[in-house]
>>> print(open('coords.cif').read())   # mmCIF, C-alpha atoms
data_query
#
loop_
_atom_site.label_atom_id
_atom_site.label_comp_id
_atom_site.auth_asym_id
_atom_site.auth_seq_id
_atom_site.Cartn_x
_atom_site.Cartn_y
_atom_site.Cartn_z
CA MET A 1378 69.93 126.48 100.11
CA SER A 1379 66.93 128.75 99.41
CA GLY A 1380 66.30 126.97 96.10
CA VAL A 1381 66.20 123.52 97.71
CA LEU A 1382 63.00 121.90 98.95
CA ALA A 1383 62.94 118.68 101.00
CA MET A 1384 60.10 116.17 100.75
CA ILE A 1385 60.36 113.44 103.40
CA LEU A 1386 58.36 110.27 102.80
CA ALA A 1387 57.07 109.37 106.26
CA GLY A 1388 53.97 107.31 105.63
CA GLY A 1389 55.47 103.87 106.11
CA GLU A 1390 53.33 101.22 107.77
CA GLY A 1391 56.31 99.20 109.03
CA THR A 1392 54.59 95.82 109.28
CA ARG A 1393 57.88 93.96 109.88
CA LEU A 1394 58.40 95.97 113.09
CA MET A 1395 55.15 94.84 114.68
CA PRO A 1396 54.09 95.26 117.44
CA LEU A 1397 56.14 98.49 117.63
CA THR A 1398 54.06 99.83 114.72
CA GLU A 1399 50.71 98.65 116.02
CA SER A 1400 49.72 102.18 117.06
CA ARG A 1401 52.28 104.37 115.28
CA SER A 1402 53.82 104.74 111.84
CA LYS A 1403 57.32 103.41 111.26
CA PRO A 1404 59.01 106.87 111.21
CA ALA A 1405 57.46 107.60 114.62
CA VAL A 1406 58.99 104.52 116.28
CA PRO A 1407 61.25 105.62 119.16
CA PHE A 1408 64.96 104.92 118.72
CA GLY A 1409 68.10 105.34 120.79
CA GLY A 1410 66.34 106.20 124.02
CA SER A 1411 65.59 109.84 123.23
CA TYR A 1412 64.82 109.94 119.51
CA ARG A 1413 62.38 108.76 116.87
CA LEU A 1414 63.39 107.30 113.53
CA ILE A 1415 62.38 110.43 111.61
CA ASP A 1416 64.73 112.59 113.68
CA PHE A 1417 67.80 111.41 111.77
CA VAL A 1418 66.70 112.59 108.33
CA LEU A 1419 65.35 115.81 109.83
CA ASN A 1420 68.71 116.47 111.50
CA ASN A 1421 70.48 115.78 108.22
CA PHE A 1422 68.49 118.48 106.47
CA VAL A 1423 68.58 121.03 109.30
CA ASN A 1424 72.31 120.55 109.92
CA SER A 1425 72.82 121.00 106.17
CA GLY A 1426 71.02 124.36 106.23
CA ILE A 1427 67.94 123.10 104.37
CA LEU A 1428 64.95 124.52 106.21
CA LYS A 1429 62.11 124.12 103.72
CA ILE A 1430 60.82 120.69 104.65
CA PHE A 1431 57.55 118.90 104.02
CA VAL A 1432 56.89 115.62 105.85
CA ILE A 1433 54.41 113.43 103.97
CA THR A 1434 52.45 111.21 106.35
CA GLN A 1435 49.80 108.53 105.93
CA TYR A 1436 49.44 105.54 108.28
CA LYS A 1437 48.77 106.08 112.01
CA SER A 1438 50.30 109.53 111.83
CA GLN A 1439 49.07 111.17 115.03
CA SER A 1440 52.10 110.47 117.23
CA LEU A 1441 54.42 111.51 114.40
CA MET A 1442 52.60 114.82 113.88
CA MET A 1443 52.61 115.49 117.63
CA HIS A 1444 56.37 114.85 117.68
CA LEU A 1445 56.88 117.33 114.83
CA LYS A 1446 54.70 119.88 116.59
CA ASN A 1447 56.51 119.51 119.93
CA GLY A 1448 60.09 119.24 118.72
CA TRP A 1449 60.47 120.56 115.19
CA GLN A 1450 58.83 123.97 114.97
CA VAL A 1451 60.78 126.55 112.94
CA SER A 1452 59.95 130.14 113.76
CA GLY A 1453 61.57 133.51 113.23
CA ILE A 1454 63.40 132.48 110.02
CA PRO A 1455 61.70 133.90 106.91
CA GLY A 1456 60.78 131.16 104.44
CA ALA A 1457 61.72 128.32 106.79
CA PHE A 1458 59.25 125.60 107.76
CA ILE A 1459 58.91 121.97 108.78
CA ASP A 1460 55.30 121.05 107.97
CA SER A 1461 53.47 117.75 107.86
CA LEU A 1462 51.36 116.88 104.83
CA PRO A 1463 48.80 114.20 105.75
CA ALA A 1464 47.08 112.26 102.98
CA GLN A 1465 44.26 114.55 101.83
CA MET A 1466 43.01 112.85 98.63
CA ARG A 1467 43.51 116.09 96.71
CA VAL A 1468 43.66 114.50 93.26
CA SER A 1469 41.78 111.22 93.79
CA LYS A 1470 39.65 109.35 96.29
CA GLU A 1471 42.53 107.03 97.16
CA TRP A 1472 45.36 107.06 99.65
CA TYR A 1473 48.89 107.21 98.29
CA GLN A 1474 49.41 104.35 95.84
CA GLY A 1475 53.22 104.45 95.97
CA THR A 1476 56.14 106.70 96.80
CA ALA A 1477 55.89 108.59 93.51
CA ASP A 1478 52.13 109.02 93.90
CA ALA A 1479 52.70 110.47 97.38
CA ILE A 1480 54.80 113.25 95.84
CA TYR A 1481 52.46 113.66 92.86
CA GLN A 1482 49.45 114.23 95.11
CA ASN A 1483 51.37 117.09 96.74
CA LEU A 1484 52.76 118.76 93.61
CA THR A 1485 50.87 121.95 94.40
CA PHE A 1486 53.04 122.43 97.50
CA ILE A 1487 56.20 121.95 95.42
CA ARG A 1488 55.08 124.46 92.81
CA ASP A 1489 54.22 127.01 95.50
CA GLN A 1490 57.86 127.03 96.66
CA PHE A 1491 59.45 127.55 93.20
CA PRO A 1492 62.44 125.30 94.00
CA ASP A 1493 65.37 124.59 91.70
CA HIS A 1494 65.95 121.18 93.27
CA VAL A 1495 63.77 118.80 95.27
CA CYS A 1496 65.21 116.28 97.74
CA VAL A 1497 62.98 113.22 98.11
CA PHE A 1498 64.26 111.27 101.12
CA GLY A 1499 63.02 108.35 103.19
CA SER A 1500 62.51 108.68 106.93
CA ASP A 1501 63.32 105.38 108.61
CA ASN A 1502 67.06 104.86 108.25
CA ILE A 1503 69.82 105.55 110.77
CA TYR A 1504 72.65 107.63 109.28
CA LYS A 1505 74.20 111.09 109.06
CA MET A 1506 74.52 112.90 105.76
CA ASP A 1507 75.61 116.43 104.91
CA VAL A 1508 73.10 116.87 102.08
CA ARG A 1509 75.14 119.79 100.76
CA GLU A 1510 77.82 117.34 99.60
CA MET A 1511 75.26 115.37 97.61
CA LEU A 1512 73.84 118.61 96.19
CA ASN A 1513 77.31 119.77 95.14
CA TYR A 1514 77.86 116.46 93.37
CA HIS A 1515 74.41 116.70 91.76
CA ASN A 1516 75.20 120.20 90.44
CA SER A 1517 78.72 119.33 89.31
CA LYS A 1518 77.30 116.56 87.11
CA GLN A 1519 74.42 118.77 85.93
CA ALA A 1520 72.27 115.80 86.79
CA GLU A 1521 68.53 115.56 86.36
CA LEU A 1522 68.43 113.02 89.17
CA THR A 1523 71.05 111.93 91.69
CA VAL A 1524 70.55 108.76 93.73
CA ALA A 1525 72.44 108.15 96.98
CA ALA A 1526 73.95 104.66 97.14
CA ILE A 1527 75.96 102.49 99.48
CA LYS A 1528 77.92 99.26 99.06
CA MET A 1529 76.40 96.19 100.74
CA LYS A 1530 76.97 92.45 100.76
CA SER A 1531 74.89 91.00 97.94
CA GLU A 1532 73.41 88.31 100.17
CA ASP A 1533 72.20 90.97 102.63
CA CYS A 1534 70.41 93.14 100.07
CA ALA A 1535 68.67 90.41 98.02
CA GLY A 1536 64.99 91.26 97.65
CA LYS A 1537 65.29 94.30 99.93
CA PHE A 1538 66.86 97.21 98.04
CA GLY A 1539 67.19 98.66 94.56
CA VAL A 1540 70.49 97.59 92.99
CA ILE A 1541 72.48 100.02 90.83
CA GLU A 1542 75.08 99.74 88.08
CA VAL A 1543 77.33 102.72 87.30
CA ASP A 1544 80.00 103.60 84.77
CA GLU A 1545 83.41 105.07 85.57
CA ASN A 1546 81.93 108.60 85.70
CA GLY A 1547 79.25 107.74 88.24
CA CYS A 1548 76.46 107.71 85.66
CA MET A 1549 73.72 105.14 86.26
CA ILE A 1550 73.69 102.49 83.55
CA GLY A 1551 71.53 99.87 85.22
CA PHE A 1552 68.88 99.57 87.93
CA GLN A 1553 66.89 96.68 89.37
CA GLU A 1554 64.25 97.14 92.06
CA LYS A 1555 64.75 94.59 94.85
CA PRO A 1556 66.10 91.72 92.73
CA ALA A 1557 66.32 88.23 94.21
CA LYS A 1558 69.84 87.90 92.77
CA PRO A 1559 71.51 91.33 92.95
CA LYS A 1560 74.14 92.18 90.38
CA GLU A 1561 77.56 92.43 91.98
CA ILE A 1562 80.06 95.25 91.63
CA PRO A 1563 82.46 94.01 88.90
CA SER A 1564 85.58 94.94 90.88
CA GLU A 1565 84.19 93.65 94.20
CA PRO A 1566 82.60 90.20 93.93
CA GLY A 1567 80.09 89.50 96.68
CA TYR A 1568 79.09 93.15 97.01
CA SER A 1569 76.36 95.21 95.34
CA LEU A 1570 75.67 98.93 95.08
CA VAL A 1571 72.24 99.64 96.56
CA SER A 1572 69.95 102.64 96.59
CA MET A 1573 69.45 104.35 99.95
CA GLY A 1574 66.07 105.69 98.81
CA ASN A 1575 67.38 109.28 98.82
CA TYR A 1576 66.95 111.27 95.60
CA ILE A 1577 67.74 114.80 94.44
CA PHE A 1578 65.79 115.90 91.35
CA LYS A 1579 65.84 118.99 89.25
CA ALA A 1580 62.42 120.35 90.13
CA ASP A 1581 61.09 120.57 86.56
CA VAL A 1582 62.29 117.03 85.79
CA LEU A 1583 60.56 115.66 88.89
CA ILE A 1584 57.28 117.38 88.05
CA ASN A 1585 57.33 116.24 84.41
CA GLU A 1586 58.15 112.64 85.30
CA LEU A 1587 55.44 112.44 87.96
CA VAL A 1588 52.80 113.84 85.61
CA LYS A 1589 53.76 111.33 82.90
CA ASP A 1590 53.82 108.48 85.40
CA GLN A 1591 50.35 109.35 86.65
CA GLN A 1592 49.01 109.00 83.13
CA ASP A 1593 50.40 105.45 82.83
CA SER A 1594 47.64 103.07 83.92
CA LYS A 1595 50.15 100.21 84.20
CA SER A 1596 52.46 102.06 86.60
CA SER A 1597 52.65 101.23 90.31
CA HIS A 1598 53.61 104.90 90.87
CA ASP A 1599 56.79 104.07 92.76
CA PHE A 1600 60.20 105.71 92.41
CA GLY A 1601 62.14 102.44 92.47
CA LYS A 1602 59.77 100.45 90.26
CA ASP A 1603 58.75 103.11 87.76
CA ILE A 1604 60.42 106.54 87.85
CA ILE A 1605 64.10 105.56 88.01
CA PRO A 1606 63.94 102.69 85.46
CA LYS A 1607 62.29 105.00 82.92
CA LEU A 1608 64.49 108.02 83.59
CA PHE A 1609 68.04 106.69 83.71
CA PRO A 1610 68.22 105.32 80.11
CA ARG A 1611 67.20 108.68 78.62
CA GLY A 1612 68.20 111.20 81.29
CA LYS A 1613 71.26 112.33 83.18
CA VAL A 1614 71.01 110.15 86.26
CA PHE A 1615 74.06 109.99 88.51
CA VAL A 1616 74.92 108.08 91.67
CA TYR A 1617 76.30 109.68 94.81
CA ASP A 1618 78.66 107.34 96.65
CA PHE A 1619 77.72 107.61 100.32
CA SER A 1620 81.04 106.03 101.34
CA SER A 1621 82.66 109.38 100.49
CA ALA A 1622 80.41 111.26 102.95
CA LYS A 1623 82.13 113.44 105.54
CA ILE A 1624 80.74 114.72 108.82
CA ALA A 1625 82.68 117.26 110.89
CA GLY A 1626 84.11 115.70 114.01
CA GLU A 1627 83.95 112.10 112.78
CA ALA A 1628 86.62 109.97 111.13
CA ASP A 1629 84.14 107.51 109.60
CA SER A 1630 80.79 108.97 108.58
CA ALA A 1631 79.49 106.31 106.20
CA TYR A 1632 77.32 104.40 108.68
CA TRP A 1633 73.86 103.60 107.28
CA ARG A 1634 71.39 101.05 108.53
CA ASP A 1635 67.90 100.25 107.41
CA VAL A 1636 65.82 99.29 110.45
CA GLY A 1637 62.96 97.58 108.64
CA SER A 1638 63.05 94.39 110.70
CA VAL A 1639 63.10 93.59 114.41
CA ASP A 1640 66.61 92.14 114.17
CA SER A 1641 68.04 95.18 112.34
CA PHE A 1642 66.25 97.51 114.80
CA TRP A 1643 67.89 95.72 117.76
CA GLU A 1644 71.29 95.55 116.04
CA ALA A 1645 71.19 99.28 115.29
CA HIS A 1646 70.68 99.94 118.99
CA MET A 1647 73.68 97.77 119.86
CA ASP A 1648 75.69 99.87 117.38
CA LEU A 1649 75.15 102.87 119.68
CA LEU A 1650 77.00 101.28 122.59
CA GLY A 1651 80.60 100.88 123.67
CA ASN A 1652 83.79 102.89 123.67
CA SER A 1653 83.96 102.85 119.87
CA ALA A 1654 80.28 102.94 118.96
CA LYS A 1655 79.61 102.39 115.27
CA PHE A 1656 77.11 105.25 115.31
CA ASN A 1657 78.03 108.28 117.41
CA LEU A 1658 75.24 110.16 119.17
CA HIS A 1659 77.66 112.48 120.98
CA ASN A 1660 79.29 114.55 118.25
CA PRO A 1661 78.83 118.24 119.19
CA LYS A 1662 79.64 119.27 115.62
CA TRP A 1663 76.60 117.36 114.34
CA ALA A 1664 74.00 117.86 117.04
CA LEU A 1665 71.04 115.47 116.97
CA HIS A 1666 67.93 117.41 117.89
CA THR A 1667 64.66 115.87 119.04
CA TYR A 1668 61.81 116.61 121.44
CA TYR A 1669 62.84 116.27 125.08
CA PRO A 1670 60.02 116.22 127.62
CA PRO A 1671 60.58 118.14 130.87
CA LEU A 1672 62.14 115.41 132.98
CA PRO A 1673 64.75 115.20 135.75
CA PRO A 1674 68.13 113.53 135.12
CA ALA A 1675 68.39 109.75 135.39
CA ASN A 1676 68.77 108.62 139.01
CA PHE A 1677 71.00 105.75 140.24
CA VAL A 1678 70.64 104.60 143.84
CA ASP A 1679 71.78 101.62 145.91
CA THR A 1680 69.46 99.55 148.07
CA ASP A 1681 70.12 97.65 151.28
CA ASP A 1682 70.80 94.50 149.27
CA ASN A 1683 72.21 95.67 145.93
CA GLU A 1684 74.30 98.36 144.30
CA SER A 1685 73.29 99.79 140.94
CA HIS A 1686 75.63 98.73 138.13
CA VAL A 1687 75.39 100.22 134.63
CA SER A 1688 77.81 99.41 131.81
CA MET A 1689 77.90 100.04 128.05
CA SER A 1690 74.37 101.48 128.13
CA LEU A 1691 72.40 104.61 127.30
CA ILE A 1692 70.05 105.79 130.04
CA SER A 1693 67.54 108.54 129.22
CA ALA A 1694 66.11 111.28 131.41
CA GLY A 1695 63.60 110.37 134.07
CA CYS A 1696 64.93 106.83 134.58
CA GLU A 1697 65.19 105.28 138.06
CA ILE A 1698 67.82 102.56 138.58
CA ASN A 1699 67.28 101.19 142.09
CA GLY A 1700 69.90 98.57 142.89
CA ALA A 1701 69.61 96.98 139.43
CA THR A 1702 72.21 95.83 136.91
CA ILE A 1703 72.00 97.25 133.37
CA ASN A 1704 74.38 96.01 130.66
CA LYS A 1705 74.51 96.72 126.90
CA SER A 1706 71.03 98.22 126.92
CA VAL A 1707 69.20 101.38 125.83
CA LEU A 1708 66.58 102.82 128.16
CA GLY A 1709 64.11 105.45 126.98
CA PHE A 1710 62.43 108.12 129.08
CA ARG A 1711 61.03 107.26 132.54
CA CYS A 1712 62.12 103.62 132.82
CA THR A 1713 62.49 101.95 136.22
CA ALA A 1714 64.60 98.92 137.14
CA ASN A 1715 64.14 97.74 140.71
CA ASP A 1716 66.18 95.99 143.39
CA GLY A 1717 68.17 93.04 142.03
CA ALA A 1718 66.75 93.26 138.50
CA ASN A 1719 69.06 92.33 135.63
CA VAL A 1720 68.67 93.95 132.18
CA GLU A 1721 70.98 92.59 129.45
CA GLY A 1722 71.01 93.52 125.75
CA CYS A 1723 67.60 95.19 125.94
CA VAL A 1724 65.85 98.11 124.29
CA MET A 1725 63.28 99.77 126.53
CA ILE A 1726 61.19 102.27 124.59
CA GLY A 1727 60.05 104.22 127.66
CA ASP A 1728 57.80 104.17 130.74
CA ASN A 1729 58.82 100.56 131.43
CA THR A 1730 59.13 98.91 134.83
CA ILE A 1731 61.34 95.92 135.62
CA GLY A 1732 60.30 94.36 138.93
CA LYS A 1733 62.47 93.34 141.84
CA GLY A 1734 64.73 90.40 140.94
CA ALA A 1735 63.37 90.13 137.38
CA LYS A 1736 65.70 89.15 134.53
CA VAL A 1737 65.29 90.24 130.89
CA ARG A 1738 67.74 89.58 128.06
CA ASN A 1739 67.69 90.50 124.34
CA VAL A 1740 64.21 91.99 124.66
CA ILE A 1741 62.55 95.05 123.13
CA LEU A 1742 59.83 96.50 125.37
CA ASP A 1743 57.34 98.94 123.90
CA ARG A 1744 55.97 101.76 126.03
CA TYR A 1745 54.22 101.00 129.34
CA VAL A 1746 55.32 97.33 129.46
CA GLU A 1747 55.80 96.04 133.01
CA ILE A 1748 57.78 92.96 134.06
CA ALA A 1749 56.67 91.40 137.36
CA PRO A 1750 59.10 90.83 140.27
CA GLY A 1751 61.08 87.62 139.79
CA PHE A 1752 59.90 87.14 136.20
CA THR A 1753 62.37 85.88 133.57
CA LEU A 1754 62.24 86.67 129.85
CA GLY A 1755 64.77 85.91 127.12
CA TYR A 1756 66.60 83.00 128.79
CA ASP A 1757 64.56 80.02 127.57
CA ILE A 1758 63.29 80.20 123.99
CA GLU A 1759 60.70 77.45 124.45
CA GLU A 1760 59.23 79.13 127.51
CA ASP A 1761 59.22 82.44 125.65
CA LYS A 1762 57.29 80.89 122.76
CA LYS A 1763 54.72 79.49 125.21
CA LEU A 1764 54.34 82.95 126.71
CA ALA A 1765 53.85 84.55 123.28
CA ALA A 1766 51.15 81.98 122.45
CA GLN A 1767 49.11 83.13 125.44
CA TYR A 1768 48.58 86.57 123.96
CA LYS A 1769 46.76 87.92 120.94
CA LYS A 1770 48.74 87.22 117.76
CA GLY A 1771 51.43 89.83 117.23
CA LYS A 1772 51.43 91.25 120.77
CA ILE A 1773 54.64 89.34 121.54
CA ASN A 1774 56.88 88.56 118.57
CA ILE A 1775 60.11 86.56 118.48
CA SER A 1776 62.46 87.37 115.61
CA ASP A 1777 64.53 84.96 113.51
CA ASN A 1778 67.51 85.73 115.74
CA GLY A 1779 65.56 85.26 118.96
CA ILE A 1780 64.93 88.92 119.81
CA ILE A 1781 61.66 89.23 121.74
CA VAL A 1782 59.38 92.24 121.16
CA VAL A 1783 56.66 92.95 123.70
CA GLY A 1784 53.76 95.14 122.62
CA LYS A 1785 52.62 98.32 124.28
CA GLY A 1786 51.03 98.11 127.71
CA LEU A 1787 51.49 94.39 128.46
CA ARG A 1788 52.10 93.35 132.08
CA LEU A 1789 54.07 90.11 132.09
CA GLY A 1790 54.10 87.77 135.07
CA TYR A 1791 51.33 89.42 137.04
#
>>> encode(input="coords.cif", output="structure tokens")
Amino acid sequence: MSGVLAMILAGGEGTRLMPLTESRSKPAVPFGGSYRLIDFVLNNFVNSGILKIFVITQYKSQSLMMHLKNGWQVSGIPGAFIDSLPAQMRVSKEWYQGTADAIYQNLTFIRDQFPDHVCVFGSDNIYKMDVREMLNYHNSKQAELTVAAIKMKSEDCAGKFGVIEVDENGCMIGFQEKPAKPKEIPSEPGYSLVSMGNYIFKADVLINELVKDQQDSKSSHDFGKDIIPKLFPRGKVFVYDFSSAKIAGEADSAYWRDVGSVDSFWEAHMDLLGNSAKFNLHNPKWALHTYYPPLPPANFVDTDDNESHVSMSLISAGCEINGATINKSVLGFRCTANDGANVEGCVMIGDNTIGKGAKVRNVILDRYVEIAPGFTLGYDIEEDKKLAAQYKKGKINISDNGIIVVGKGLRLGY
């Protein structure tokens, strides 16, 4: 893996996840109680033995860079690094104009590493991938570019993802960036093959294409809109079928979810729960590393009036469950649920307090949100809309599916 360099695109603004992205970039959004979104792609590279990693940041990057500093330092391994590359305006007076421009503005760091192959991956999807399998496929095809792809219902990917056509050998023969009417897989009506936003380039091909793209005044400098459509008709561009991915210790390893919206973010958390969770956080053969603050174990105590009941939930370190009921929920670090409180289908980012006798259902609480004793949220949509209207626009959002997101630091019911 010494000839492989990873470039992780981690500058996403994440406007559809507001207010979770009000003060942090999308890759820095906490997920699964103990993690952040960027941890999953980082674990994929590290578990695959790829330890030359640049993380390209842009919007509201401070919390992301602190997370990398605290949890992802590589030391003692010659040539290994996980370094952040903030936007520095090295080649122009502008911030990154697109995904391709973000790589172009950092070409000097690629050249300094003399790689044979460059992995350009996104940072805000939930999945596990042994990147070595994709690299082996890339090399076996002698590809200039390999794009990771997954099958998805056509109605679910319309206007959201790049849609790919392939021949019987896996060679790309068609590509549309986020079409309103995705082309379906000929043998599987109703389904389309979509790009995961993960690319492996031959290093010299990547550099040449980025330099040419930068000289095109009409280009939007984006991989999906510009680089891939120009490269596949004249180059050797192949498609890696993610459904064939294998992870040690797991029977089905092809889980992939984009968490670009509030509803998909909540649904991905629900996928972590239950006896047969769709996404397994507990596989010792594919450890998921992150930064863990120095905290005591979660504590569950009974009160004079109520026992603590927790079912189908993930409870992180430092949590205090004091005679409360927690069901189908994910609690981040240092959350407290007090006597008689009921938490159902919720995602608590961390440092949250649920007051005595309060009830919350299908709610996402950003950090430091407090719910007053006896307060109810998520049981009456009209009352919830009235509550949201009382706050600055965007501080409380209600999704299409009725999931309520409460912005950082709000104290509801006090």
>>> atom_distance(input="coords.cif", atom1="CA of Leu1394 (chain A)", atom2="CA of Tyr1632 (chain A)")
21.2 Å
>>> resolve_selection(input="coords.cif", expression="the PyMOL selection byres ((chain A and resi 1553-1567) around 8)", output="ChimeraX atom specification")
/A:1530-1532,1534-1542,1551-1552,1568-1570,1601-1602,1606
>>> write_last_selection(input="coords.cif", atoms="C-alpha atoms", output="mmCIF file, in the frame of the given file")
data_model
loop_
_atom_site.group_PDB
_atom_site.id
_atom_site.type_symbol
_atom_site.label_atom_id
_atom_site.label_comp_id
_atom_site.auth_asym_id
_atom_site.auth_seq_id
_atom_site.Cartn_x
_atom_site.Cartn_y
_atom_site.Cartn_z
ATOM 1 C CA LYS A 1530 76.970 92.450 100.760
ATOM 2 C CA SER A 1531 74.890 91.000 97.940
ATOM 3 C CA GLU A 1532 73.410 88.310 100.170
ATOM 4 C CA CYS A 1534 70.410 93.140 100.070
ATOM 5 C CA ALA A 1535 68.670 90.410 98.020
ATOM 6 C CA GLY A 1536 64.990 91.260 97.650
ATOM 7 C CA LYS A 1537 65.290 94.300 99.930
ATOM 8 C CA PHE A 1538 66.860 97.210 98.040
ATOM 9 C CA GLY A 1539 67.190 98.660 94.560
ATOM 10 C CA VAL A 1540 70.490 97.590 92.990
ATOM 11 C CA ILE A 1541 72.480 100.020 90.830
ATOM 12 C CA GLU A 1542 75.080 99.740 88.080
ATOM 13 C CA GLY A 1551 71.530 99.870 85.220
ATOM 14 C CA PHE A 1552 68.880 99.570 87.930
ATOM 15 C CA TYR A 1568 79.090 93.150 97.010
ATOM 16 C CA SER A 1569 76.360 95.210 95.340
ATOM 17 C CA LEU A 1570 75.670 98.930 95.080
ATOM 18 C CA GLY A 1601 62.140 102.440 92.470
ATOM 19 C CA LYS A 1602 59.770 100.450 90.260
ATOM 20 C CA PRO A 1606 63.940 102.690 85.460
#
>>> residues_around(input="coords.cif", residues="region 1419-1435 of chain A", least_positions_apart="3", cutoff="9 Å", atoms="only C-alpha atoms", output="CSV table (one decimal) with C-alpha atoms, in the frame of the given file")
chain,number,residue,atom,x,y,z
A,1378,MET,CA,69.9,126.5,100.1
A,1379,SER,CA,66.9,128.8,99.4
A,1381,VAL,CA,66.2,123.5,97.7
A,1382,LEU,CA,63.0,121.9,99.0
A,1383,ALA,CA,62.9,118.7,101.0
A,1384,MET,CA,60.1,116.2,100.8
A,1385,ILE,CA,60.4,113.4,103.4
A,1386,LEU,CA,58.4,110.3,102.8
A,1387,ALA,CA,57.1,109.4,106.3
A,1388,GLY,CA,54.0,107.3,105.6
A,1389,GLY,CA,55.5,103.9,106.1
A,1390,GLU,CA,53.3,101.2,107.8
A,1402,SER,CA,53.8,104.7,111.8
A,1415,ILE,CA,62.4,110.4,111.6
A,1416,ASP,CA,64.7,112.6,113.7
A,1438,SER,CA,50.3,109.5,111.8
A,1441,LEU,CA,54.4,111.5,114.4
A,1442,MET,CA,52.6,114.8,113.9
A,1449,TRP,CA,60.5,120.6,115.2
A,1451,VAL,CA,60.8,126.6,112.9
A,1454,ILE,CA,63.4,132.5,110.0
A,1456,GLY,CA,60.8,131.2,104.4
A,1457,ALA,CA,61.7,128.3,106.8
A,1458,PHE,CA,59.2,125.6,107.8
A,1459,ILE,CA,58.9,122.0,108.8
A,1460,ASP,CA,55.3,121.0,108.0
A,1461,SER,CA,53.5,117.8,107.9
A,1462,LEU,CA,51.4,116.9,104.8
A,1463,PRO,CA,48.8,114.2,105.8
A,1464,ALA,CA,47.1,112.3,103.0
A,1472,TRP,CA,45.4,107.1,99.6
A,1473,TYR,CA,48.9,107.2,98.3
A,1479,ALA,CA,52.7,110.5,97.4
A,1480,ILE,CA,54.8,113.2,95.8
A,1483,ASN,CA,51.4,117.1,96.7
A,1486,PHE,CA,53.0,122.4,97.5
A,1490,GLN,CA,57.9,127.0,96.7
A,1500,SER,CA,62.5,108.7,106.9
A,1504,TYR,CA,72.6,107.6,109.3
A,1505,LYS,CA,74.2,111.1,109.1
A,1506,MET,CA,74.5,112.9,105.8
A,1507,ASP,CA,75.6,116.4,104.9
A,1508,VAL,CA,73.1,116.9,102.1
A,1509,ARG,CA,75.1,119.8,100.8
A,1663,TRP,CA,76.6,117.4,114.3
A,1664,ALA,CA,74.0,117.9,117.0
A,1665,LEU,CA,71.0,115.5,117.0
A,1666,HIS,CA,67.9,117.4,117.9
A,1667,THR,CA,64.7,115.9,119.0
>>> closest_residue(input="coords.cif", among="A:Thr1713, A:Ser1596, A:Asn1513, A:Asn1778", to="Glu1644 (chain A)", atoms="all atoms listed in the file")
A:Asn1778
>>> residues_around(input="coords.cif", residues="Ala1631 (chain A)", least_positions_apart="4", cutoff="10 Å", atoms="only C-alpha atoms", output="list in words")
Tyr1504, Lys1505, Met1506, Ile1527, Asp1618, Phe1619, Ser1620, Ser1621, Ala1622, Lys1623, Ile1624, Glu1627, Lys1655 and Phe1656 of chain A
>>> write_last_selection(input="coords.cif", atoms="C-alpha atoms", output="PDB file, keeping the file's coordinate frame")
ATOM      1  CA  TYR A1504      72.650 107.630 109.280  1.00  0.00           C
ATOM      2  CA  LYS A1505      74.200 111.090 109.060  1.00  0.00           C
ATOM      3  CA  MET A1506      74.520 112.900 105.760  1.00  0.00           C
ATOM      4  CA  ILE A1527      75.960 102.490  99.480  1.00  0.00           C
ATOM      5  CA  ASP A1618      78.660 107.340  96.650  1.00  0.00           C
ATOM      6  CA  PHE A1619      77.720 107.610 100.320  1.00  0.00           C
ATOM      7  CA  SER A1620      81.040 106.030 101.340  1.00  0.00           C
ATOM      8  CA  SER A1621      82.660 109.380 100.490  1.00  0.00           C
ATOM      9  CA  ALA A1622      80.410 111.260 102.950  1.00  0.00           C
ATOM     10  CA  LYS A1623      82.130 113.440 105.540  1.00  0.00           C
ATOM     11  CA  ILE A1624      80.740 114.720 108.820  1.00  0.00           C
ATOM     12  CA  GLU A1627      83.950 112.100 112.780  1.00  0.00           C
ATOM     13  CA  LYS A1655      79.610 102.390 115.270  1.00  0.00           C
ATOM     14  CA  PHE A1656      77.110 105.250 115.310  1.00  0.00           C
TER      15      PHE A1656
END
>>> decode(input="coords.cif", residues="region 1601-1613 of chain A", atoms="C-alpha atoms", output="PDB file, in the first residue's frame")
ATOM      1  CA  GLY A1601     -19.232  14.036 -11.399  1.00  0.00           C
ATOM      2  CA  LYS A1602     -20.072  16.920 -13.734  1.00  0.00           C
ATOM      3  CA  ASP A1603     -16.773  17.299 -15.584  1.00  0.00           C
ATOM      4  CA  ILE A1604     -13.963  14.795 -14.983  1.00  0.00           C
ATOM      5  CA  ILE A1605     -15.833  11.490 -15.334  1.00  0.00           C
ATOM      6  CA  PRO A1606     -17.981  12.481 -18.364  1.00  0.00           C
ATOM      7  CA  LYS A1607     -14.853  13.557 -20.261  1.00  0.00           C
ATOM      8  CA  LEU A1608     -12.687  10.627 -19.217  1.00  0.00           C
ATOM      9  CA  PHE A1609     -14.841   7.539 -19.669  1.00  0.00           C
ATOM     10  CA  PRO A1610     -15.433   7.857 -23.460  1.00  0.00           C
ATOM     11  CA  ARG A1611     -11.692   8.015 -24.185  1.00  0.00           C
ATOM     12  CA  GLY A1612     -10.109   6.302 -21.179  1.00  0.00           C
ATOM     13  CA  LYS A1613     -10.189   2.994 -19.377  1.00  0.00           C
TER      14      LYS A1613
END
